[in-house]
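Working notes, beginning with the structure itself.
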Amino acid sequence: MRLYLSSFRTGSHADRLLALADGRRTALVPNALDALPTGVRDGALRRELDDLRETGLDVTVVDLREPDAVARLADHDIVWVRGGNVFVLRRVLADTGADDVLLDLLYGDAVVYGGYSAGACVLAGDLSGLARVDDPSAVADPLMTGLGLLDRPFVPHVRSPGHPETSACDAVSAAYDAAGQPHWALRDGDVLLIDGDRTELLADGRCR
């Protein structure tokens with residue numbers, strides 16, 4: 001299994017994403033933004049396309065709600081799932097069956113899964129702590145369980161001055177600490193890299 005999970009956008013180690021993948025064909029999944037107004041969503045998506053293409057990726061937007069979209073994930077080398085609302089994203093993954101398809105692809109080592117913020121958080125087993133940051137009521141019947149690929153919750157944007165969610169994410173991390181709950185706490189720029197049985201938490205170009 002190959003995972004490249006960033007706190008914010010591609011983080012500080014995009015070269016490691018390129019090295020992890022077998023090619024550059026990238027499916028950009030925008031569905032964590034589905035609850036936002038169309039204009040806001042479109043603007044964020046354009047910025048995301050620019051960022052990924054500047055990294056050197058050949059990017060195609062794959063909206064999971066479109067016909068045959070989920071089946072087309074297997075045609076890519078990287079599936080990149082951007083941030084937004086983790087409960088919106090989780091609901092779409094379940095409703096479209098993309099969760100099962102992604103699990104099959106990842107356990108078969110057929111693609112690299114990359115993403116940030118909600119796109120990384122959704123891989124944990126328990127999403128309930130993130131209700132401090134994202135509104136579960138943005139969808140009907142929100143799911144509090146993620147895909148279960150990570151051994152602990154993923155908390156982005158911690159101690160990241162300038163990010164609007166950093167205070168809320170700091171509170172999530174502090175609550176986990178108080179409860180004795182191990183979790184991945186990443187500052188913006190940090191990347192959690194998983195390649196088979198190897199796990200690295202990368203910050204400022206160094207493994208820590």
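Residue numbering restarts at 1 in every chain; chains get A, B, ... in the order shown in the structure tokens, and ligands count up from 1 in that same order.
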Worksheet item: Contacts of A:Leu123 at 9 Å or less, counting only C-alpha atoms, minus same-chain residues fewer than 3 places along, as number ranges by chain?
Response: A: 118-120, 126-127, 146-150, 153-154
Can you spit out the residues from that selection as a short mmCIF file (atom, residue, chain, number, x, y, z; two decimals), in the first residue's frame, using N, CA and C atoms?
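The resulting again-v6.cif:
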```cif
data_model
loop_
_atom_site.label_atom_id
_atom_site.label_comp_id
_atom_site.auth_asym_id
_atom_site.auth_seq_id
_atom_site.Cartn_x
_atom_site.Cartn_y
_atom_site.Cartn_z
N ALA A 118 -9.07 16.67 4.75
CA ALA A 118 -10.15 15.68 4.77
C ALA A 118 -9.80 14.44 3.96
N GLY A 119 -9.08 14.63 2.87
CA GLY A 119 -8.69 13.51 2.02
C GLY A 119 -7.77 12.53 2.72
N ALA A 120 -7.01 13.01 3.71
CA ALA A 120 -6.18 12.13 4.52
C ALA A 120 -6.95 11.64 5.75
N ASP A 126 -11.78 6.12 12.96
CA ASP A 126 -12.75 6.91 13.72
C ASP A 126 -12.65 8.38 13.30
N LEU A 127 -13.75 8.92 12.83
CA LEU A 127 -13.79 10.32 12.38
C LEU A 127 -14.47 11.23 13.40
N GLY A 146 -14.23 5.85 9.26
CA GLY A 146 -13.53 6.06 8.01
C GLY A 146 -13.15 4.75 7.36
N LEU A 147 -12.17 4.78 6.47
CA LEU A 147 -11.80 3.59 5.70
C LEU A 147 -10.91 2.63 6.49
N GLY A 148 -10.37 3.09 7.61
CA GLY A 148 -9.62 2.19 8.48
C GLY A 148 -8.24 1.80 7.99
N LEU A 149 -7.66 2.58 7.11
CA LEU A 149 -6.33 2.25 6.60
C LEU A 149 -5.21 2.76 7.51
N LEU A 150 -5.49 3.76 8.32
CA LEU A 150 -4.50 4.29 9.25
C LEU A 150 -4.71 3.68 10.63
N PRO A 153 -6.18 8.22 14.30
CA PRO A 153 -6.74 9.40 13.63
C PRO A 153 -5.65 10.30 13.05
N PHE A 154 -6.04 11.02 12.01
CA PHE A 154 -5.15 11.97 11.32
C PHE A 154 -5.70 13.36 11.59
#
```
Worksheet item: Near A:Ala21, counting only C-alpha atoms, which residues have an atom at most 7 Å away, once you skip same-chain residues fewer than 2 positions from it, shown as a list in words?
Response: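 Everything that qualifies: Leu17, Leu18, Ala19, Gly23, Asp77, Ile78 and Val112 of chain A.
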Selection near stretch 34-49 of chain A, 10 Å with only C-alpha atoms, sequence-local residues under 2 positions removed, as a compact mmCIF listing (two decimals) with N, CA and C atoms, in the first residue's frame:
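Contents of part_37.txt, as written:
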```txt
# COMPACT_ATOMS: atom_id res chain seq x y z
N ARG A 9 -2.48 20.85 0.98
CA ARG A 9 -2.07 20.74 -0.42
C ARG A 9 -1.01 19.66 -0.58
N THR A 10 -0.03 19.87 -1.42
CA THR A 10 0.95 18.79 -1.63
C THR A 10 2.03 18.76 -0.57
N LEU A 28 -8.07 13.50 -9.77
CA LEU A 28 -8.33 14.47 -8.71
C LEU A 28 -9.79 14.34 -8.28
N VAL A 29 -10.00 13.94 -7.05
CA VAL A 29 -11.34 13.74 -6.50
C VAL A 29 -11.72 14.98 -5.68
N PRO A 30 -12.73 15.74 -6.14
CA PRO A 30 -13.06 17.02 -5.51
C PRO A 30 -14.21 16.95 -4.52
N ASN A 31 -14.73 15.77 -4.19
CA ASN A 31 -16.05 15.67 -3.57
C ASN A 31 -16.13 16.12 -2.12
N ALA A 32 -15.00 16.33 -1.45
CA ALA A 32 -15.05 16.90 -0.10
C ALA A 32 -15.60 18.33 -0.11
N ASP A 51 -1.97 23.59 -8.90
CA ASP A 51 -0.94 23.09 -7.99
C ASP A 51 -0.41 21.73 -8.43
N LEU A 52 -1.33 20.82 -8.76
CA LEU A 52 -0.91 19.47 -9.12
C LEU A 52 -0.19 19.44 -10.46
N ARG A 53 -0.65 20.24 -11.40
CA ARG A 53 0.02 20.27 -12.70
C ARG A 53 1.40 20.89 -12.59
N GLU A 54 1.57 21.88 -11.73
CA GLU A 54 2.89 22.46 -11.52
C GLU A 54 3.84 21.45 -10.87
N THR A 55 3.30 20.51 -10.14
CA THR A 55 4.11 19.44 -9.55
C THR A 55 4.61 18.47 -10.60
N LEU A 57 2.20 16.54 -12.56
CA LEU A 57 1.22 15.47 -12.73
C LEU A 57 0.29 15.75 -13.89
N ASP A 58 -0.18 14.68 -14.50
CA ASP A 58 -1.17 14.73 -15.59
C ASP A 58 -2.53 14.50 -14.95
N VAL A 59 -3.29 15.57 -14.74
CA VAL A 59 -4.45 15.53 -13.84
C VAL A 59 -5.77 15.54 -14.60
N THR A 60 -6.68 14.67 -14.16
CA THR A 60 -8.06 14.63 -14.64
C THR A 60 -8.98 14.69 -13.43
N VAL A 61 -9.96 15.58 -13.46
CA VAL A 61 -10.94 15.65 -12.38
C VAL A 61 -11.88 14.46 -12.50
N ASP A 63 -15.11 13.37 -10.63
CA ASP A 63 -16.19 13.59 -9.68
C ASP A 63 -16.90 12.25 -9.46
N ARG A 82 -8.68 15.71 -2.38
CA ARG A 82 -8.39 17.00 -1.76
C ARG A 82 -9.20 17.21 -0.48
N GLY A 83 -8.88 18.29 0.23
CA GLY A 83 -9.54 18.61 1.48
C GLY A 83 -10.92 19.22 1.29
N GLY A 84 -11.55 19.45 2.42
CA GLY A 84 -12.92 19.96 2.47
C GLY A 84 -13.55 19.47 3.75
N ASN A 85 -14.77 18.98 3.66
CA ASN A 85 -15.48 18.45 4.82
C ASN A 85 -15.36 16.92 4.82
N VAL A 88 -18.69 15.02 4.49
CA VAL A 88 -19.21 15.07 3.12
C VAL A 88 -18.48 14.06 2.25
N LEU A 89 -17.16 14.06 2.36
CA LEU A 89 -16.36 13.12 1.57
C LEU A 89 -16.70 11.67 1.91
N VAL A 92 -19.98 10.54 0.37
CA VAL A 92 -19.87 10.30 -1.07
C VAL A 92 -19.16 8.98 -1.35
N ALA A 138 -23.63 18.65 7.54
CA ALA A 138 -23.58 19.05 6.13
C ALA A 138 -24.13 17.97 5.22
N VAL A 139 -24.26 16.74 5.74
CA VAL A 139 -24.86 15.64 4.99
C VAL A 139 -25.90 14.95 5.84
```
Worksheet item: Which residues come within 6 Å of A:Ala98, counting only C-alpha atoms, excluding same-chain residues fewer than 4 positions away, as a list in words?
Response: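 Residues near the query, excluding close chain neighbours: Val70, Leu93 and Leu102 of chain A.
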Selection to disk with N, CA and C atoms, as a PDB file, in the first residue's frame:
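File result-v5.pdb, as written:
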```pdb
ATOM      1  N   VAL A  70     -16.286   6.050 -10.635  1.00  0.00           N
ATOM      2  CA  VAL A  70     -15.576   5.182  -9.693  1.00  0.00           C
ATOM      3  C   VAL A  70     -14.756   4.131 -10.436  1.00  0.00           C
ATOM      4  N   LEU A  93     -18.096   8.713  -0.627  1.00  0.00           N
ATOM      5  CA  LEU A  93     -17.372   7.465  -0.819  1.00  0.00           C
ATOM      6  C   LEU A  93     -18.282   6.265  -0.574  1.00  0.00           C
ATOM      7  N   LEU A 102     -11.581   1.782  -3.709  1.00  0.00           N
ATOM      8  CA  LEU A 102     -10.277   2.291  -3.286  1.00  0.00           C
ATOM      9  C   LEU A 102      -9.540   1.280  -2.406  1.00  0.00           C
TER      10      LEU A 102
END
```
Worksheet entry | strand (DSSP E) positions in stretch 26-176 of chain A, given as a list in words |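 DSSP-assigned strand (DSSP E) residues in stretch 26-176 of chain A: Thr26, Ala27, Leu28, Val29, Asp58, Val59, Thr60, Val61, Ile78, Val79, Trp80, Val81, Val112, Tyr113, Gly114, Gly115, Tyr116, Phe154 and Val155 of chain A.
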Kindly export the residues of the current selection with N, CA, C and O atoms, as a short mmCIF file (atom, residue, chain, number, x, y, z; two decimals), in the first residue's frame.
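Saved the output as part_11.cif:
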```
data_model
loop_
_atom_site.label_atom_id
_atom_site.label_comp_id
_atom_site.auth_asym_id
_atom_site.auth_seq_id
_atom_site.Cartn_x
_atom_site.Cartn_y
_atom_site.Cartn_z
N THR A 26 -3.16 11.18 -12.87
CA THR A 26 -3.72 11.48 -11.55
C THR A 26 -5.20 11.79 -11.65
O THR A 26 -5.63 12.65 -12.43
N ALA A 27 -5.98 11.09 -10.84
CA ALA A 27 -7.42 11.37 -10.70
C ALA A 27 -7.60 12.30 -9.51
O ALA A 27 -7.30 11.93 -8.38
N LEU A 28 -8.07 13.50 -9.77
CA LEU A 28 -8.33 14.47 -8.71
C LEU A 28 -9.79 14.34 -8.28
O LEU A 28 -10.71 14.62 -9.05
N VAL A 29 -10.00 13.94 -7.05
CA VAL A 29 -11.34 13.74 -6.50
C VAL A 29 -11.72 14.98 -5.68
O VAL A 29 -11.11 15.25 -4.65
N ASP A 58 -0.18 14.68 -14.50
CA ASP A 58 -1.17 14.73 -15.59
C ASP A 58 -2.53 14.50 -14.95
O ASP A 58 -2.90 13.37 -14.63
N VAL A 59 -3.29 15.57 -14.74
CA VAL A 59 -4.45 15.53 -13.84
C VAL A 59 -5.77 15.54 -14.60
O VAL A 59 -5.97 16.33 -15.52
N THR A 60 -6.68 14.67 -14.16
CA THR A 60 -8.06 14.63 -14.64
C THR A 60 -8.98 14.69 -13.43
O THR A 60 -8.79 13.94 -12.46
N VAL A 61 -9.96 15.58 -13.46
CA VAL A 61 -10.94 15.65 -12.38
C VAL A 61 -11.88 14.46 -12.50
O VAL A 61 -12.46 14.22 -13.57
N ILE A 78 -2.23 7.68 -9.67
CA ILE A 78 -2.44 8.35 -8.38
C ILE A 78 -3.91 8.75 -8.28
O ILE A 78 -4.48 9.28 -9.24
N VAL A 79 -4.50 8.51 -7.14
CA VAL A 79 -5.80 9.06 -6.81
C VAL A 79 -5.56 10.13 -5.75
O VAL A 79 -5.10 9.82 -4.64
N TRP A 80 -5.83 11.39 -6.11
CA TRP A 80 -5.58 12.51 -5.21
C TRP A 80 -6.92 13.04 -4.69
O TRP A 80 -7.75 13.50 -5.46
N VAL A 81 -7.10 12.97 -3.37
CA VAL A 81 -8.36 13.36 -2.75
C VAL A 81 -8.12 14.62 -1.92
O VAL A 81 -7.42 14.58 -0.90
N VAL A 112 -1.39 4.80 -6.11
CA VAL A 112 -0.99 5.58 -4.93
C VAL A 112 -2.19 6.42 -4.51
O VAL A 112 -2.85 7.03 -5.36
N TYR A 113 -2.49 6.44 -3.24
CA TYR A 113 -3.51 7.35 -2.71
C TYR A 113 -2.79 8.55 -2.13
O TYR A 113 -1.94 8.42 -1.23
N GLY A 114 -3.10 9.73 -2.65
CA GLY A 114 -2.56 10.97 -2.13
C GLY A 114 -3.68 11.91 -1.77
O GLY A 114 -4.79 11.81 -2.31
N GLY A 115 -3.42 12.80 -0.86
CA GLY A 115 -4.44 13.77 -0.50
C GLY A 115 -4.04 14.55 0.73
O GLY A 115 -2.97 14.35 1.30
N TYR A 116 -4.92 15.45 1.11
CA TYR A 116 -4.61 16.29 2.27
C TYR A 116 -5.88 16.63 3.03
O TYR A 116 -6.99 16.53 2.51
N PHE A 154 -6.04 11.02 12.01
CA PHE A 154 -5.15 11.97 11.32
C PHE A 154 -5.70 13.36 11.59
O PHE A 154 -6.87 13.65 11.30
N VAL A 155 -4.85 14.23 12.15
CA VAL A 155 -5.27 15.60 12.46
C VAL A 155 -4.36 16.58 11.71
O VAL A 155 -3.17 16.68 12.03
#
```
Practice prompt. Please measure the separation of atom CA of A:Trp184 and atom CA of A:Arg90, giving the value in Å to one decimal.
Written response: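 Straight-line distance from atom CA of A:Trp184 to atom CA of A:Arg90 works out to 19.0 Å.
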Practice prompt. Write out as a list in words each polymer residue whose atoms come within 10 Å of stretch 168-170 of chain A, counting only C-alpha atoms; drop sequence neighbours fewer than 4 positions from it.
Written response: Gly129, Leu130, Ala131, Arg132, Val133, Asp134, Val155, Pro156, His157, Val158, Arg159, Ser160, Pro164, Ala174, Ala175, Tyr176, Ala185, Leu186 and Arg187 of chain A
Include N, CA and C atoms and write out the residues we just selected as a compact mmCIF listing (two decimals), in the first residue's frame.
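Final output, again11.txt:
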```txt
# COMPACT_ATOMS: atom_id res chain seq x y z
N GLY A 129 -13.90 12.58 16.26
CA GLY A 129 -13.20 13.71 16.86
C GLY A 129 -13.14 14.92 15.96
N LEU A 130 -13.27 14.71 14.65
CA LEU A 130 -13.17 15.82 13.69
C LEU A 130 -14.45 16.65 13.61
N ALA A 131 -15.48 16.25 14.36
CA ALA A 131 -16.69 17.07 14.41
C ALA A 131 -16.43 18.43 15.05
N ARG A 132 -15.29 18.58 15.72
CA ARG A 132 -14.89 19.89 16.24
C ARG A 132 -14.49 20.84 15.11
N VAL A 133 -14.15 20.26 13.96
CA VAL A 133 -13.63 21.05 12.84
C VAL A 133 -14.64 21.12 11.68
N ASP A 134 -15.14 19.97 11.28
CA ASP A 134 -16.08 19.88 10.15
C ASP A 134 -17.48 19.56 10.68
N VAL A 155 -4.85 14.23 12.15
CA VAL A 155 -5.27 15.60 12.46
C VAL A 155 -4.36 16.58 11.71
N PRO A 156 -4.89 17.29 10.72
CA PRO A 156 -4.06 18.25 9.96
C PRO A 156 -4.06 19.63 10.61
N HIS A 157 -3.23 20.50 10.07
CA HIS A 157 -3.24 21.94 10.38
C HIS A 157 -2.89 22.29 11.83
N VAL A 158 -2.30 21.35 12.58
CA VAL A 158 -1.96 21.69 13.96
C VAL A 158 -0.81 22.69 13.96
N ARG A 159 -0.87 23.62 14.89
CA ARG A 159 0.19 24.62 15.06
C ARG A 159 0.62 25.21 13.72
N SER A 160 -0.38 25.62 12.95
CA SER A 160 -0.15 26.14 11.59
C SER A 160 -0.72 27.54 11.48
N PRO A 164 -7.09 28.84 8.71
CA PRO A 164 -8.28 29.18 9.49
C PRO A 164 -8.76 28.09 10.44
N ALA A 174 -5.37 18.15 21.14
CA ALA A 174 -5.26 18.23 22.60
C ALA A 174 -6.24 17.27 23.26
N ALA A 175 -7.44 17.15 22.69
CA ALA A 175 -8.42 16.21 23.25
C ALA A 175 -7.95 14.77 23.12
N TYR A 176 -7.35 14.44 21.99
CA TYR A 176 -6.79 13.11 21.83
C TYR A 176 -5.67 12.87 22.84
N ALA A 185 -0.53 13.97 14.15
CA ALA A 185 -0.75 15.41 14.21
C ALA A 185 0.26 16.09 13.29
N LEU A 186 -0.22 16.71 12.23
CA LEU A 186 0.66 17.29 11.21
C LEU A 186 0.48 18.79 11.11
N ARG A 187 1.61 19.47 11.03
CA ARG A 187 1.60 20.88 10.67
C ARG A 187 1.49 21.00 9.16
```
Item to complete: Find the residues near A:Ala140: any atom within 10 Å, counting only C-alpha atoms, skip ones fewer than 2 places away on the same chain, and give them as a list in words.
Response: Phe87, Val88, Arg91, Pro136, Ser137, Ala138, Pro142 and Leu143 of chain A
Fill in: Two-atom distance - atom CA of A:Asp135, atom CA of A:Arg152 (Å)
20.8 Å
Practice prompt. Using only C-alpha atoms, find the one residue out of A:Val111, A:Ala179, A:Met144, A:Leu103 that sits nearest to A:Tyr4.
Written response: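 So, comparing all the options, the nearest one is A:Val111.
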Worksheet item: Among stretch 1-169 of chain A, which residues carry a DSSP assignment of helix (DSSP H, G or I), reported as a PyMOL selection string?
Response: chain A and resi 14-20+31-33+38-55+69-75+86-96+98-107+118-121+128-132+136-138+166-169
